[in-house]
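Chemist: work.cif (mmCIF, C-alpha atoms) pasted underneath:
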data_target
loop_
_atom_site.label_atom_id
_atom_site.label_comp_id
_atom_site.auth_asym_id
_atom_site.auth_seq_id
_atom_site.Cartn_x
_atom_site.Cartn_y
_atom_site.Cartn_z
CA MET A 451 80.73 -117.62 113.69
CA PRO A 452 82.29 -117.84 117.13
CA VAL A 453 83.29 -114.60 118.85
CA ASP A 454 85.85 -114.39 121.66
CA ARG A 455 83.87 -113.24 124.72
CA ASP A 456 87.02 -112.58 126.74
CA GLY A 457 88.51 -109.89 124.55
CA GLY A 458 90.08 -109.66 121.12
CA GLY A 459 86.59 -109.21 119.73
CA GLY A 460 87.61 -106.68 117.08
CA ALA A 461 88.09 -109.36 114.43
CA GLY A 462 84.84 -111.06 115.41
CA LEU A 463 82.91 -107.78 115.29
CA LYS A 464 84.36 -106.98 111.87
CA ALA A 465 83.35 -110.41 110.57
CA ILE A 466 79.81 -109.93 111.93
CA LEU A 467 79.45 -106.47 110.41
CA ASP A 468 80.89 -107.66 107.07
CA ARG A 469 78.36 -110.49 106.97
CA LEU A 470 75.49 -108.11 107.73
CA LEU A 471 76.72 -105.63 105.10
CA ILE A 472 76.33 -108.24 102.35
CA GLY A 473 72.81 -109.09 103.52
CA GLY A 474 73.72 -112.06 105.68
CA VAL A 475 71.96 -113.09 108.86
CA ILE A 476 73.58 -113.65 112.23
CA LEU A 477 72.34 -114.93 115.55
CA LEU A 478 73.68 -113.28 118.70
CA PHE A 479 72.91 -114.26 122.26
CA PRO A 480 72.63 -110.99 124.25
CA GLU A 481 73.62 -112.67 127.50
CA GLY A 482 76.98 -113.77 126.11
CA THR A 483 76.84 -117.30 127.54
CA ARG A 484 74.49 -120.04 128.69
CA THR A 485 72.54 -119.45 131.87
CA ARG A 486 73.62 -121.10 135.11
CA ASP A 487 70.07 -121.41 136.48
CA GLY A 488 67.70 -121.47 133.50
CA GLN A 489 66.67 -117.83 133.94
CA LEU A 490 67.35 -114.99 131.51
CA GLN A 491 70.51 -113.08 132.41
CA PRO A 492 71.33 -109.38 131.90
CA ALA A 493 72.43 -108.47 128.39
CA LYS A 494 76.02 -107.59 127.63
CA SER A 495 76.65 -104.27 125.88
CA GLY A 496 78.34 -106.02 122.95
CA ILE A 497 75.01 -106.73 121.30
CA GLY A 498 74.18 -103.04 121.55
CA LEU A 499 77.48 -102.13 119.91
CA THR A 500 76.78 -104.58 117.08
CA VAL A 501 73.27 -103.21 116.55
CA ILE A 502 74.41 -99.58 116.55
CA LYS A 503 77.33 -100.21 114.17
CA SER A 504 75.11 -102.05 111.68
CA THR A 505 71.92 -101.15 109.86
CA ALA A 506 70.48 -104.65 110.23
CA THR A 507 66.98 -105.36 111.41
CA VAL A 508 66.84 -106.85 114.90
CA VAL A 509 64.37 -109.70 115.41
CA PRO A 510 64.02 -110.74 119.06
CA VAL A 511 63.91 -114.49 119.60
CA ARG A 512 62.95 -116.36 122.77
CA VAL A 513 64.31 -119.89 123.05
CA GLN A 514 62.78 -121.88 125.91
CA GLY A 515 63.53 -125.37 127.15
CA THR A 516 67.24 -125.39 126.35
CA PHE A 517 68.34 -125.39 130.00
CA ALA A 518 66.45 -128.64 130.63
CA ALA A 519 67.70 -130.09 127.33
CA LEU A 520 71.37 -129.12 127.72
CA GLY A 521 72.13 -126.89 130.67
CA ARG A 522 75.67 -125.92 131.64
CA HIS A 523 75.63 -128.59 134.33
CA MET A 524 74.94 -131.41 131.85
CA LYS A 525 77.42 -133.51 129.91
CA PHE A 526 74.87 -134.97 127.52
CA PRO A 527 71.64 -133.57 126.05
CA MET A 528 68.34 -134.78 127.47
CA PRO A 529 65.09 -135.15 125.53
CA HIS A 530 63.07 -132.04 126.23
CA ARG A 531 60.72 -129.79 124.30
CA VAL A 532 62.42 -126.66 122.94
CA THR A 533 60.31 -123.71 121.82
CA VAL A 534 61.55 -120.88 119.61
CA THR A 535 59.34 -117.78 119.43
CA TYR A 536 60.07 -114.85 117.11
CA GLY A 537 58.90 -111.38 118.08
CA GLU A 538 58.28 -108.26 116.01
CA PRO A 539 61.35 -106.57 114.47
CA LEU A 540 62.86 -103.75 116.54
CA ASP A 541 63.81 -100.30 115.22
CA PHE A 542 66.88 -98.55 116.63
CA LYS A 543 67.07 -95.80 113.98
CA SER A 544 66.97 -92.87 116.42
CA LEU A 545 69.65 -94.34 118.68
CA ARG A 546 71.82 -95.13 115.64
CA GLU A 547 71.53 -91.49 114.56
CA GLU A 548 72.35 -90.21 118.05
CA ALA A 549 75.36 -92.54 118.27
CA ARG A 550 76.98 -90.85 115.25
CA THR A 551 77.56 -87.57 117.12
CA CYS A 552 77.35 -88.25 120.85
CA SER A 553 80.15 -88.35 123.41
CA LYS A 554 81.99 -91.58 124.18
CA PRO A 555 80.34 -91.98 127.62
CA ARG A 556 76.90 -91.53 126.03
CA LEU A 557 77.83 -94.02 123.30
CA LYS A 558 78.57 -96.66 125.94
CA GLU A 559 75.20 -95.87 127.54
CA ILE A 560 73.49 -96.32 124.16
CA TYR A 561 75.13 -99.73 123.68
CA GLN A 562 73.83 -100.90 127.04
CA GLN A 563 70.41 -99.28 126.47
CA VAL A 564 70.00 -101.19 123.19
CA ALA A 565 71.13 -104.44 124.86
CA ASP A 566 68.68 -103.90 127.74
CA GLU A 567 65.80 -103.10 125.36
CA ILE A 568 66.44 -106.26 123.36
CA MET A 569 66.49 -108.40 126.53
CA ALA A 570 63.31 -106.76 127.82
CA VAL A 571 61.53 -107.63 124.59
CA ILE A 572 62.91 -111.19 124.62
CA ALA A 573 61.70 -111.62 128.20
CA ASN A 574 58.21 -110.61 127.10
CA VAL A 575 58.05 -112.47 123.78
CA ASP A 576 55.06 -114.71 124.18
CA GLU A 577 53.68 -117.19 121.68
CA ARG A 578 50.23 -115.67 122.23
CA ALA A 579 51.43 -112.17 121.30
CA HIS A 580 50.23 -110.56 118.10
CA GLY A 581 52.74 -111.16 115.34
CA ALA A 582 54.78 -113.76 117.23
CA VAL A 583 55.75 -116.91 115.35
CA LYS A 584 56.26 -120.05 117.40
CA LEU A 585 58.22 -123.15 116.36
CA GLU A 586 58.35 -126.24 118.54
CA ARG A 587 60.23 -129.48 118.42
CA ARG A 588 59.28 -132.21 120.79
CA PRO A 589 61.73 -134.95 121.75
CA PRO A 590 61.54 -138.07 119.56
CA THR A 591 59.61 -141.02 120.93
CA ARG A 592 59.88 -144.75 120.27
CA ARG A 593 56.90 -144.44 117.96
CA ASP A 594 58.96 -142.07 115.74
CA HIS A 595 61.56 -144.80 115.23
CA ALA A 596 59.17 -147.68 114.61
#
Take the structure I supplied and represent it as structure tokens, if you would.

Modeler:
Amino acid sequence: MPVDRDGGGGAGLKAILDRLLIGGVILLFPEGTRTRDGQLQPAKSGIGLTVIKSTATVVPVRVQGTFAALGRHMKFPMPHRVTVTYGEPLDFKSLREEARTCSKPRLKEIYQQVADEIMAVIANVDERAHGAVKLERRPPTRRDHA
């Protein structure tokens, strides 16, 4: 479900929260857009807002190889290995509870804190880590089509 990154996100946020409320799953990219240089970027506070306003479990996911496969500078995808690694679920219960009664400035801090925590975990998700699940897809070769 696309969300307008440049404003008018109220409808998008409502759709996301409605989907989560019925037990659906969504995928959000904390950075808000594709990287310009292949490196992880700082998280936007919108992911924190979404996490705090929902009760959904947050599963950090590290996707590697996408910049080489289809970076912002490319018009067409290139064959390249893409790795998806899932980390342990994150618990934001205490921050969700605090958010119910805190001041508006503190609430904005909480949104960014949650976003930053998620990005820190994503940056450290490693396929060798305990509990991590790694999925890989290599580019097809001629042998695959023979």

Chemist: Just the residues within 10 Å of Val475 of chain A, please, counting only C-alpha atoms, with nothing from its chain fewer than 6 positions along; format it as JSON, numbers by chain.

Modeler: {"A": [466, 469, 506, 507]}

Chemist: Report as number ranges by chain the residues that result from applying the PyMOL selection byres ((chain A and resi 520) around 12) to the structure here.

Modeler: A: 484-488, 514-519, 521-532

Chemist: Just C-alpha atoms for this one: save the residues we selected as a PDB file, in the coordinates of the input.

Modeler:
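Just written: again.pdb:
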ATOM      1  CA  ARG A 484      74.490-120.040 128.690  1.00  0.00           C
ATOM      2  CA  THR A 485      72.540-119.450 131.870  1.00  0.00           C
ATOM      3  CA  ARG A 486      73.620-121.100 135.110  1.00  0.00           C
ATOM      4  CA  ASP A 487      70.070-121.410 136.480  1.00  0.00           C
ATOM      5  CA  GLY A 488      67.700-121.470 133.500  1.00  0.00           C
ATOM      6  CA  GLN A 514      62.780-121.880 125.910  1.00  0.00           C
ATOM      7  CA  GLY A 515      63.530-125.370 127.150  1.00  0.00           C
ATOM      8  CA  THR A 516      67.240-125.390 126.350  1.00  0.00           C
ATOM      9  CA  PHE A 517      68.340-125.390 130.000  1.00  0.00           C
ATOM     10  CA  ALA A 518      66.450-128.640 130.630  1.00  0.00           C
ATOM     11  CA  ALA A 519      67.700-130.090 127.330  1.00  0.00           C
ATOM     12  CA  GLY A 521      72.130-126.890 130.670  1.00  0.00           C
ATOM     13  CA  ARG A 522      75.670-125.920 131.640  1.00  0.00           C
ATOM     14  CA  HIS A 523      75.630-128.590 134.330  1.00  0.00           C
ATOM     15  CA  MET A 524      74.940-131.410 131.850  1.00  0.00           C
ATOM     16  CA  LYS A 525      77.420-133.510 129.910  1.00  0.00           C
ATOM     17  CA  PHE A 526      74.870-134.970 127.520  1.00  0.00           C
ATOM     18  CA  PRO A 527      71.640-133.570 126.050  1.00  0.00           C
ATOM     19  CA  MET A 528      68.340-134.780 127.470  1.00  0.00           C
ATOM     20  CA  PRO A 529      65.090-135.150 125.530  1.00  0.00           C
ATOM     21  CA  HIS A 530      63.070-132.040 126.230  1.00  0.00           C
ATOM     22  CA  ARG A 531      60.720-129.790 124.300  1.00  0.00           C
ATOM     23  CA  VAL A 532      62.420-126.660 122.940  1.00  0.00           C
TER      24      VAL A 532
END

Chemist: Determine the residue membership of the PyMOL selection byres ((chain A and resi 546) around 10) for the file above and supply it as a PyMOL selection string.

Modeler: chain A and resi 499+501-505+541-545+547-551+557+560-561+564

Chemist: With all atoms listed in the file as the basis for distance, which of A:Leu470, A:Val513, A:Leu477, A:Lys558 is at the shortest distance from Gln489 of chain A?

Modeler: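 Looking at the shortest contact to Gln489 of chain A, the residue is A:Val513.
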
Chemist: Using Å and a single decimal, report how far atom CA of Val511 of chain A sits from atom CA of Ile568 of chain A.

Modeler: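 According to the coordinates, atom CA of Ile568 of chain A and atom CA of Val511 of chain A are separated by 9.4 Å.
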